[in-house]
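As provided, model34.cif (mmCIF, C-alpha atoms) reads as follows.
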```
data_my_file
#
loop_
_atom_site.label_atom_id
_atom_site.label_comp_id
_atom_site.auth_asym_id
_atom_site.auth_seq_id
_atom_site.Cartn_x
_atom_site.Cartn_y
_atom_site.Cartn_z
CA MET R 1 -40.31 69.93 -7.63
CA SER R 2 -43.19 71.89 -6.11
CA GLU R 3 -45.56 70.35 -3.55
CA ASP R 4 -48.37 70.52 -6.11
CA ASP R 5 -46.31 68.55 -8.65
CA LYS R 6 -45.43 65.96 -5.99
CA LEU R 7 -49.09 65.63 -5.06
CA GLN R 8 -50.16 65.18 -8.67
CA LYS R 9 -47.50 62.49 -9.22
CA LEU R 10 -48.69 60.68 -6.14
CA LEU R 11 -52.32 60.92 -7.20
CA ARG R 12 -51.44 59.52 -10.61
CA LEU R 13 -50.17 56.38 -8.86
CA LYS R 14 -53.77 55.66 -7.92
CA ASN R 15 -54.34 54.66 -11.54
CA TYR R 16 -52.60 51.41 -10.62
CA GLU R 17 -55.36 50.51 -8.18
CA THR R 18 -57.16 48.30 -10.70
CA PRO R 19 -58.66 44.86 -10.06
CA GLY R 20 -56.86 43.15 -12.96
CA GLU R 21 -57.94 41.78 -16.34
CA GLU R 22 -59.86 38.81 -14.94
CA TYR R 23 -62.34 41.13 -13.29
CA PHE R 24 -63.09 42.93 -16.56
CA ASP R 25 -63.35 39.63 -18.46
CA ASN R 26 -66.14 38.54 -16.13
CA PHE R 27 -67.70 41.96 -15.75
CA LEU R 28 -69.72 41.88 -18.97
CA SER R 29 -71.37 38.52 -18.25
CA ASP R 30 -72.04 39.53 -14.60
CA MET R 31 -73.62 42.75 -15.79
CA LYS R 32 -75.87 40.99 -18.30
CA GLN R 33 -77.06 38.59 -15.64
CA ARG R 34 -77.83 41.46 -13.33
CA GLN R 35 -79.63 43.35 -16.12
CA ARG R 36 -81.95 40.40 -16.63
CA LEU R 37 -82.69 40.26 -12.89
CA ASP R 38 -83.27 44.02 -12.74
CA ALA R 39 -85.60 43.91 -15.74
CA MET R 40 -87.78 41.45 -13.84
CA LYS R 41 -87.71 43.54 -10.67
CA LEU R 42 -88.29 47.00 -12.19
CA SER R 43 -91.94 48.00 -12.18
CA PRO R 44 -93.41 50.14 -15.01
CA ALA R 45 -93.94 52.91 -12.43
CA SER R 46 -90.27 53.00 -11.46
CA LEU R 47 -89.24 53.00 -15.14
CA MET R 48 -91.62 55.89 -15.76
CA LYS R 49 -90.22 57.76 -12.75
CA GLU R 50 -86.65 57.27 -14.02
CA ARG R 51 -87.62 58.62 -17.46
CA VAL R 52 -89.34 61.67 -16.01
CA VAL R 53 -86.29 62.43 -13.83
CA GLU R 54 -84.00 62.05 -16.86
CA TRP R 55 -86.21 64.26 -19.01
CA TYR R 56 -86.19 66.91 -16.29
CA ASN R 57 -82.40 66.74 -15.89
CA ASP R 58 -81.88 66.93 -19.67
CA MET R 59 -83.73 70.25 -19.83
CA GLY R 60 -80.66 72.15 -18.62
CA SER R 61 -81.26 75.70 -17.40
CA ALA R 62 -84.88 75.65 -18.68
CA LYS R 63 -85.72 73.09 -15.99
CA TRP R 64 -86.28 75.92 -13.47
CA ALA R 65 -89.19 77.15 -15.61
CA VAL R 66 -91.04 73.88 -14.94
CA PRO R 67 -91.73 74.38 -11.19
CA ALA R 68 -92.55 78.08 -11.77
CA GLY R 69 -94.91 77.23 -14.64
CA SER R 70 -96.54 74.42 -12.66
CA PHE R 71 -97.07 76.74 -9.69
CA ALA R 72 -98.64 79.39 -11.94
CA ALA R 73 -100.89 76.76 -13.55
CA VAL R 74 -101.99 75.50 -10.11
CA LEU R 75 -102.77 79.07 -9.00
CA VAL R 76 -104.80 79.84 -12.15
CA THR R 77 -106.71 76.55 -11.83
CA PHE R 78 -107.37 77.21 -8.14
CA PHE R 79 -108.77 80.70 -8.70
CA ALA R 80 -110.78 79.62 -11.74
CA PHE R 81 -112.25 76.72 -9.76
CA THR R 82 -113.08 78.70 -6.62
CA GLY R 83 -114.69 81.45 -8.75
CA LYS R 84 -116.85 78.90 -10.56
CA VAL R 85 -117.88 77.24 -7.28
CA ARG R 86 -119.00 80.59 -5.86
CA GLU R 87 -121.01 81.35 -8.97
CA GLU R 88 -122.67 77.92 -8.80
CA GLN R 89 -123.49 78.33 -5.08
CA LEU R 90 -125.17 81.66 -5.74
CA SER R 91 -127.19 80.33 -8.67
CA HIS R 92 -128.33 77.28 -6.59
CA THR R 93 -129.52 79.31 -3.60
CA GLY R 94 -130.96 82.14 -5.71
CA LYS R 95 -129.02 84.60 -3.62
CA THR R 96 -127.74 87.89 -4.87
CA PRO R 97 -124.64 89.57 -3.56
CA VAL R 98 -125.10 91.10 -0.07
CA GLY R 99 -124.87 94.74 -1.22
CA ASP R 100 -127.93 94.32 -3.49
CA LEU R 101 -130.23 92.65 -0.92
CA PRO R 102 -133.54 94.48 -0.28
CA GLY R 103 -133.93 95.79 3.25
CA LYS R 104 -130.22 96.02 3.83
CA ALA R 105 -128.45 99.27 3.92
CA PRO R 106 -127.08 100.26 0.54
CA ARG R 107 -123.33 100.52 0.30
CA THR R 108 -123.53 104.27 -0.46
CA GLN R 109 -125.81 106.34 1.78
CA ILE R 110 -127.43 109.47 0.37
CA ILE R 111 -127.72 112.28 2.90
CA ASP R 112 -130.01 115.23 2.09
CA LEU R 113 -128.23 118.45 2.82
CA GLN R 114 -130.49 121.16 4.16
CA LEU R 115 -129.07 124.45 3.11
CA PRO R 116 -130.64 127.80 4.07
CA GLU R 117 -132.94 129.31 1.51
CA ALA R 118 -131.40 131.55 -1.13
CA GLY R 119 -132.76 134.80 0.52
CA ASN R 120 -131.23 133.94 3.90
CA MET R 121 -127.82 133.19 2.52
CA SER R 122 -126.44 136.74 3.17
CA ALA R 123 -126.37 137.92 6.75
CA ASP R 124 -128.68 140.83 7.60
CA LYS R 125 -126.16 143.01 9.49
CA SER R 126 -128.56 145.78 10.41
CA LYS R 127 -130.89 143.45 12.25
CA GLY R 128 -128.07 141.50 13.86
CA ASN R 129 -129.85 138.24 13.21
CA SER R 130 -127.16 136.60 11.16
CA PRO R 131 -127.26 132.80 11.45
CA VAL R 132 -123.50 132.78 11.20
CA LEU R 133 -122.10 135.94 12.85
CA PRO R 134 -122.51 136.70 16.56
CA ALA R 135 -125.16 139.19 17.68
CA GLY R 136 -124.00 142.78 17.63
CA PHE R 137 -121.36 142.22 14.99
CA THR R 138 -121.24 145.35 12.90
CA GLY R 139 -118.54 144.59 10.48
CA PHE R 140 -114.80 144.56 10.10
CA ARG R 141 -112.82 147.64 11.02
CA GLU R 142 -110.85 148.96 8.14
CA LEU R 143 -107.16 149.15 8.90
CA MET M 1 -58.89 75.98 -37.77
CA ASN M 2 -61.84 76.69 -35.53
CA GLU M 3 -60.96 75.34 -32.08
CA ASN M 4 -64.55 75.55 -30.90
CA ARG M 5 -65.67 73.08 -33.54
CA ARG M 6 -66.36 69.77 -31.86
CA LYS M 7 -64.26 66.77 -32.80
CA PRO M 8 -66.28 63.89 -34.23
CA ASP M 9 -67.27 61.41 -31.54
CA PRO M 10 -65.05 58.31 -31.93
CA ASP M 11 -67.89 56.21 -30.52
CA ALA M 12 -70.55 57.57 -32.88
CA GLN M 13 -70.83 54.39 -34.94
CA LEU M 14 -71.03 52.08 -31.94
CA VAL M 15 -73.60 54.38 -30.32
CA ALA M 16 -75.72 54.47 -33.50
CA ARG M 17 -75.69 50.67 -33.70
CA ALA M 18 -76.49 50.34 -29.98
CA LYS M 19 -79.44 52.74 -30.43
CA GLU M 20 -80.79 50.46 -33.11
CA GLY M 21 -80.74 47.59 -30.63
CA ASP M 22 -77.37 46.02 -31.51
CA THR M 23 -76.36 44.58 -28.12
CA ALA M 24 -72.90 43.60 -29.43
CA ALA M 25 -72.18 47.28 -30.11
CA PHE M 26 -73.20 48.17 -26.56
CA ASP M 27 -70.99 45.36 -25.24
CA GLU M 28 -68.05 46.93 -27.07
CA LEU M 29 -68.75 50.23 -25.33
CA VAL M 30 -68.87 48.42 -21.98
CA VAL M 31 -65.52 46.73 -22.63
CA LYS M 32 -63.98 50.02 -23.73
CA TYR M 33 -65.19 52.15 -20.81
CA SER M 34 -65.40 49.78 -17.84
CA PRO M 35 -61.71 50.06 -16.77
CA LYS M 36 -61.77 53.89 -16.85
CA LEU M 37 -65.13 54.10 -15.09
CA TYR M 38 -64.00 51.53 -12.53
CA GLY M 39 -61.09 53.84 -11.64
CA LEU M 40 -63.41 56.83 -11.39
CA ILE M 41 -65.93 55.09 -9.11
CA TYR M 42 -63.32 53.29 -7.04
CA ASN M 43 -61.41 56.46 -6.26
CA MET M 44 -64.63 58.14 -5.20
CA THR M 45 -65.99 55.27 -3.07
CA SER M 46 -62.72 53.64 -1.88
CA ASN M 47 -64.49 50.31 -1.73
CA ARG M 48 -64.25 47.52 -4.33
CA GLU M 49 -67.67 45.94 -3.71
CA ASP M 50 -69.45 49.28 -3.90
CA THR M 51 -67.51 50.07 -7.07
CA ASN M 52 -68.67 46.84 -8.69
CA ASP M 53 -72.32 47.51 -7.79
CA VAL M 54 -72.29 51.13 -8.95
CA LEU M 55 -70.45 50.27 -12.18
CA GLN M 56 -73.06 47.66 -13.07
CA ASP M 57 -75.83 50.14 -12.29
CA VAL M 58 -74.16 52.76 -14.50
CA PHE M 59 -74.07 50.49 -17.55
CA SER M 60 -77.61 49.24 -16.89
CA LYS M 61 -78.85 52.80 -16.81
CA ALA M 62 -76.84 53.70 -19.92
CA TYR M 63 -78.37 50.72 -21.74
CA ARG M 64 -81.90 51.82 -20.83
CA SER M 65 -81.19 55.46 -21.75
CA ILE M 66 -79.09 55.15 -24.89
CA GLY M 67 -82.20 55.52 -27.08
CA ARG M 68 -82.61 59.03 -25.70
CA PHE M 69 -78.92 59.99 -26.14
CA ARG M 70 -79.07 62.78 -28.75
CA GLY M 71 -75.33 63.26 -29.23
CA LYS M 72 -75.25 66.82 -27.83
CA SER M 73 -72.03 65.76 -26.10
CA SER M 74 -69.66 62.89 -26.83
CA PHE M 75 -70.61 59.45 -25.55
CA TYR M 76 -67.53 59.64 -23.29
CA THR M 77 -68.86 62.81 -21.57
CA TRP M 78 -72.36 61.33 -21.36
CA ILE M 79 -71.30 58.04 -19.73
CA TYR M 80 -68.89 59.87 -17.40
CA SER M 81 -71.66 62.19 -16.22
CA ILE M 82 -73.96 59.21 -15.58
CA ALA M 83 -71.18 57.49 -13.61
CA THR M 84 -70.23 60.61 -11.62
CA ASN M 85 -73.82 61.52 -10.73
CA MET M 86 -74.72 57.95 -9.77
CA THR M 87 -71.61 57.68 -7.58
CA LEU M 88 -72.34 61.00 -5.88
CA ASN M 89 -75.92 59.83 -5.21
CA PHE M 90 -74.62 56.51 -3.92
CA LEU M 91 -72.21 58.30 -1.54
CA LYS M 92 -75.06 60.43 -0.20
CA LYS M 93 -77.13 57.31 0.50
CA ARG M 94 -74.14 55.52 2.05
CA LYS M 95 -73.52 58.45 4.39
CA ARG M 96 -77.13 58.36 5.51
CA ARG M 97 -76.93 54.59 6.01
CA GLN M 98 -73.73 54.63 8.06
CA GLY M 99 -71.05 57.05 9.05
CA MET M 100 -67.98 56.58 6.90
CA SER M 101 -65.45 54.56 8.84
CA LEU M 102 -61.82 54.04 8.04
CA ASP M 103 -62.56 50.30 7.78
CA ASP M 104 -64.27 51.10 4.49
CA ILE M 105 -61.08 52.41 3.01
CA ASP M 106 -59.62 49.83 0.76
CA SER M 107 -55.85 49.95 1.08
CA ALA M 108 -55.42 47.18 -1.47
CA ILE M 109 -52.77 49.19 -3.25
CA GLU M 110 -50.18 47.71 -0.92
CA ASN M 111 -50.90 44.30 -2.48
CA ASP M 112 -51.32 45.64 -5.98
CA LYS M 113 -48.85 43.86 -8.30
CA GLU M 114 -48.19 46.86 -10.48
CA PHE M 115 -47.76 49.16 -7.52
CA ILE M 116 -45.25 46.79 -5.95
CA GLU M 117 -43.44 46.62 -9.26
CA ILE M 118 -43.18 50.39 -9.44
CA THR M 119 -42.03 50.85 -5.89
CA SER M 120 -39.59 47.92 -5.94
CA LYS M 121 -37.49 49.79 -8.49
CA SER M 122 -36.48 52.15 -5.73
CA ASP M 123 -34.62 51.38 -2.52
CA PRO M 124 -36.44 49.77 0.45
CA VAL M 125 -36.52 52.96 2.51
CA HIS M 126 -38.06 54.85 -0.37
CA GLU M 127 -40.49 51.98 -0.96
CA ALA M 128 -41.68 52.03 2.64
CA TYR M 129 -41.99 55.77 2.45
CA LEU M 130 -44.06 55.56 -0.75
CA GLY M 131 -46.33 52.86 0.68
CA GLU M 132 -46.95 54.88 3.81
CA LEU M 133 -47.52 57.99 1.75
CA GLN M 134 -50.06 56.17 -0.40
CA ILE M 135 -52.03 55.03 2.66
CA LYS M 136 -51.89 58.53 4.05
CA LEU M 137 -53.12 59.84 0.69
CA ASN M 138 -56.09 57.44 0.72
CA GLU M 139 -57.00 58.68 4.19
CA ALA M 140 -56.59 62.29 3.10
CA MET M 141 -58.83 61.67 0.07
CA GLN M 142 -61.58 60.51 2.43
CA THR M 143 -61.49 63.83 4.27
CA LEU M 144 -62.45 65.68 1.07
CA SER M 145 -66.10 66.39 0.34
CA ASP M 146 -67.69 64.18 -2.34
CA ASN M 147 -67.66 67.02 -4.89
CA HIS M 148 -64.01 67.85 -4.24
CA ARG M 149 -63.02 64.18 -4.41
CA ALA M 150 -64.86 63.85 -7.72
CA VAL M 151 -62.87 66.74 -9.23
CA VAL M 152 -59.53 65.40 -7.93
CA THR M 153 -60.36 61.93 -9.27
CA LEU M 154 -61.36 63.22 -12.69
CA TYR M 155 -58.49 65.69 -13.12
CA ASP M 156 -55.49 64.32 -11.23
CA ILE M 157 -56.10 60.59 -11.45
CA GLN M 158 -58.05 60.20 -14.69
CA GLY M 159 -56.49 63.12 -16.56
CA VAL M 160 -59.81 64.60 -17.75
CA PRO M 161 -59.39 68.27 -18.83
CA HIS M 162 -61.13 71.10 -16.96
CA THR M 163 -63.62 71.81 -19.77
CA GLU M 164 -64.79 68.19 -19.88
CA ILE M 165 -65.07 68.02 -16.07
CA ALA M 166 -67.26 71.12 -16.18
CA LYS M 167 -69.57 69.42 -18.72
CA ILE M 168 -69.62 66.14 -16.77
CA LEU M 169 -70.51 67.79 -13.47
CA GLY M 170 -72.73 70.50 -14.99
CA VAL M 171 -70.78 73.33 -13.33
CA SER M 172 -68.63 76.17 -14.67
CA GLU M 173 -64.95 75.74 -15.44
CA GLY M 174 -64.20 78.31 -12.71
CA THR M 175 -65.97 76.11 -10.17
CA VAL M 176 -63.88 73.13 -11.28
CA ARG M 177 -60.63 75.12 -10.87
CA SER M 178 -61.64 76.49 -7.50
CA ARG M 179 -62.65 73.02 -6.22
CA LEU M 180 -59.31 71.66 -7.41
CA PHE M 181 -57.41 74.46 -5.68
CA TYR M 182 -59.10 73.89 -2.32
CA ALA M 183 -58.84 70.10 -2.63
CA HIS M 184 -55.09 70.29 -3.35
CA ARG M 185 -54.58 72.63 -0.43
CA GLN M 186 -56.47 70.30 1.89
CA LEU M 187 -54.55 67.23 0.67
CA GLN M 188 -51.23 69.04 1.10
CA THR M 189 -52.17 70.02 4.64
CA GLN M 190 -53.08 66.41 5.43
CA LEU M 191 -49.83 65.11 3.93
CA GLY M 192 -47.79 67.95 5.44
CA ASP M 193 -45.43 65.83 7.55
CA PHE M 194 -44.62 63.50 4.66
CA TRP M 195 -43.44 66.25 2.31
CA LYS M 196 -40.62 67.29 4.68
#
```
Before we go any further, please render this structure as structure tokens.
Amino acid sequence: MSEDDKLQKLLRLKNYETPGEEYFDNFLSDMKQRQRLDAMKLSPASLMKERVVEWYNDMGSAKWAVPAGSFAAVLVTFFAFTGKVREEQLSHTGKTPVGDLPGKAPRTQIIDLQLPEAGNMSADKSKGNSPVLPAGFTGFREL
Amino acid sequence: MNENRRKPDPDAQLVARAKEGDTAAFDELVVKYSPKLYGLIYNMTSNREDTNDVLQDVFSKAYRSIGRFRGKSSFYTWIYSIATNMTLNFLKKRKRRQGMSLDDIDSAIENDKEFIEITSKSDPVHEAYLGELQIKLNEAMQTLSDNHRAVVTLYDIQGVPHTEIAKILGVSEGTVRSRLFYAHRQLQTQLGDFWK
């Protein structure tokens, strides 16, 4: 006989560790008495809590969707609420967003570029007064 | 025949009557299941008083919840999962309350009439050996984790098949088999000297 078989036989002996028939004869009446006492002690809140826990446990694998869904709902509510509060604050104070305030620098700054006039765009080589090329520059040597 | 098709629940009628508020039907279920559930809880807690308290709580909870029992599983699986989960929760609380001491282990088997009857059929040396082995086994059972002890109790002591244990504990059948393997190995290590 293998050690596993011996162990299982020995474990099966534990079935004999029973309290006897008398215990089970009295068990039902003891239980009913205790049920009555518990019914008086249990508050509606604790009953409600027990039912919610049972409902949650009965959901099986879908129960993990509950915390995720609740978290998402809390986030959406939070952002919706904070957005509304900001809108209300602005309408109460009559303020407009900072970028649109008069006297403040606009967000985009327009810089006027001052380009040379069209006639001065090409360098006058003969005079050597090119605004771009150094004085005395006569041109590129052809290689 | 389709093996996957579920057998009709032998308790279906009693359950239906109990759901309609027939307390006598519920009492019949209590009478039918209390010895089996007592064995389950006792072998997990190793204490008779705790077993009595937890067993009463299990049936009280079942009574309050039977209206919501939809028959997805058999009543047997349903009541076993209530009992197993409540016992595991109880053991967690008990561990927090006090460290488990060997004084809690109920070695009442030595005085158990039926056990004495079984062992007396053998010779006195063998009887002493069996008694000692049983005590050693109770101690070894206490070294197992609660989850491992639950699987050993359900499979080896109560004879519940792997598939049912998986449903009761809400784990896969592979997990049940692996827990059993490690639990057996641990028990064999603990009982090592006695096997020789």
To one decimal place in Å, what is the distance between atom CA of Ala39 of chain R and atom CA of Ser60 of chain M?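 Here the two named atoms are 9.7 Å from each other.
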To verify the selection step, state as a list in words which residues the PyMOL selection byres ((chain R and resi 14) around 10) yields on this input.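 With the shown file as input, the PyMOL selection byres ((chain R and resi 14) around 10) matches Lys9, Leu10, Leu11, Arg12, Leu13, Asn15, Tyr16, Glu17 and Thr18 of chain R; Gly39, Tyr42, Asn43, Ile109, Phe115, Gln134, Leu137, Asn138, Thr153, Asp156, Ile157 and Gln158 of chain M.
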Taking all atoms listed in the file into account, report as an MDAnalysis selection string which residues of chain R lie within 12 Å of chain M. chainID R and resid 1:39 42 47:48 50:55 57:58 60:61
Any chance you could work out the residue set of the PyMOL selection byres ((chain M and resi 148) around 9) here, as number ranges by chain? M: 144-147, 149-153, 176, 179-180, 182-183
Could you tell me how far atom CA of Trp78 of chain M lies from atom CA of Ile168 of chain M, in Å and to one decimal? 7.2 Å
Suppose you want the space between atom CA of Lys167 of chain M and atom CA of Gln190 of chain M; what is it in Å?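 Spanning atom CA of Lys167 of chain M to atom CA of Gln190 of chain M is a straight-line distance of 29.4 Å.
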Looking at only C-alpha atoms, which of M:Ile66, M:Met44, M:Leu37, M:Leu88 is the one that sits closest to Asp22 of chain M?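 Ranked by minimum distance to Asp22 of chain M, first place goes to M:Ile66.
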Would you compute an axis-aligned box for segment 61-80 of chain M, covering every atom listed for it in the file with 8 Å of margin on each side, and report centre and edge lengths in Å to one decimal as lines of an AutoDock Vina configuration file?
```
center_x = -75.1
center_y = 58.8
center_z = -23.0
size_x = 31.1
size_y = 32.1
size_z = 28.4
```
For this file, the PyMOL selection byres ((chain M and resi 8) around 12) selects which residues, as a PyMOL selection string? chain M and resi 5-7+9-13+71-76
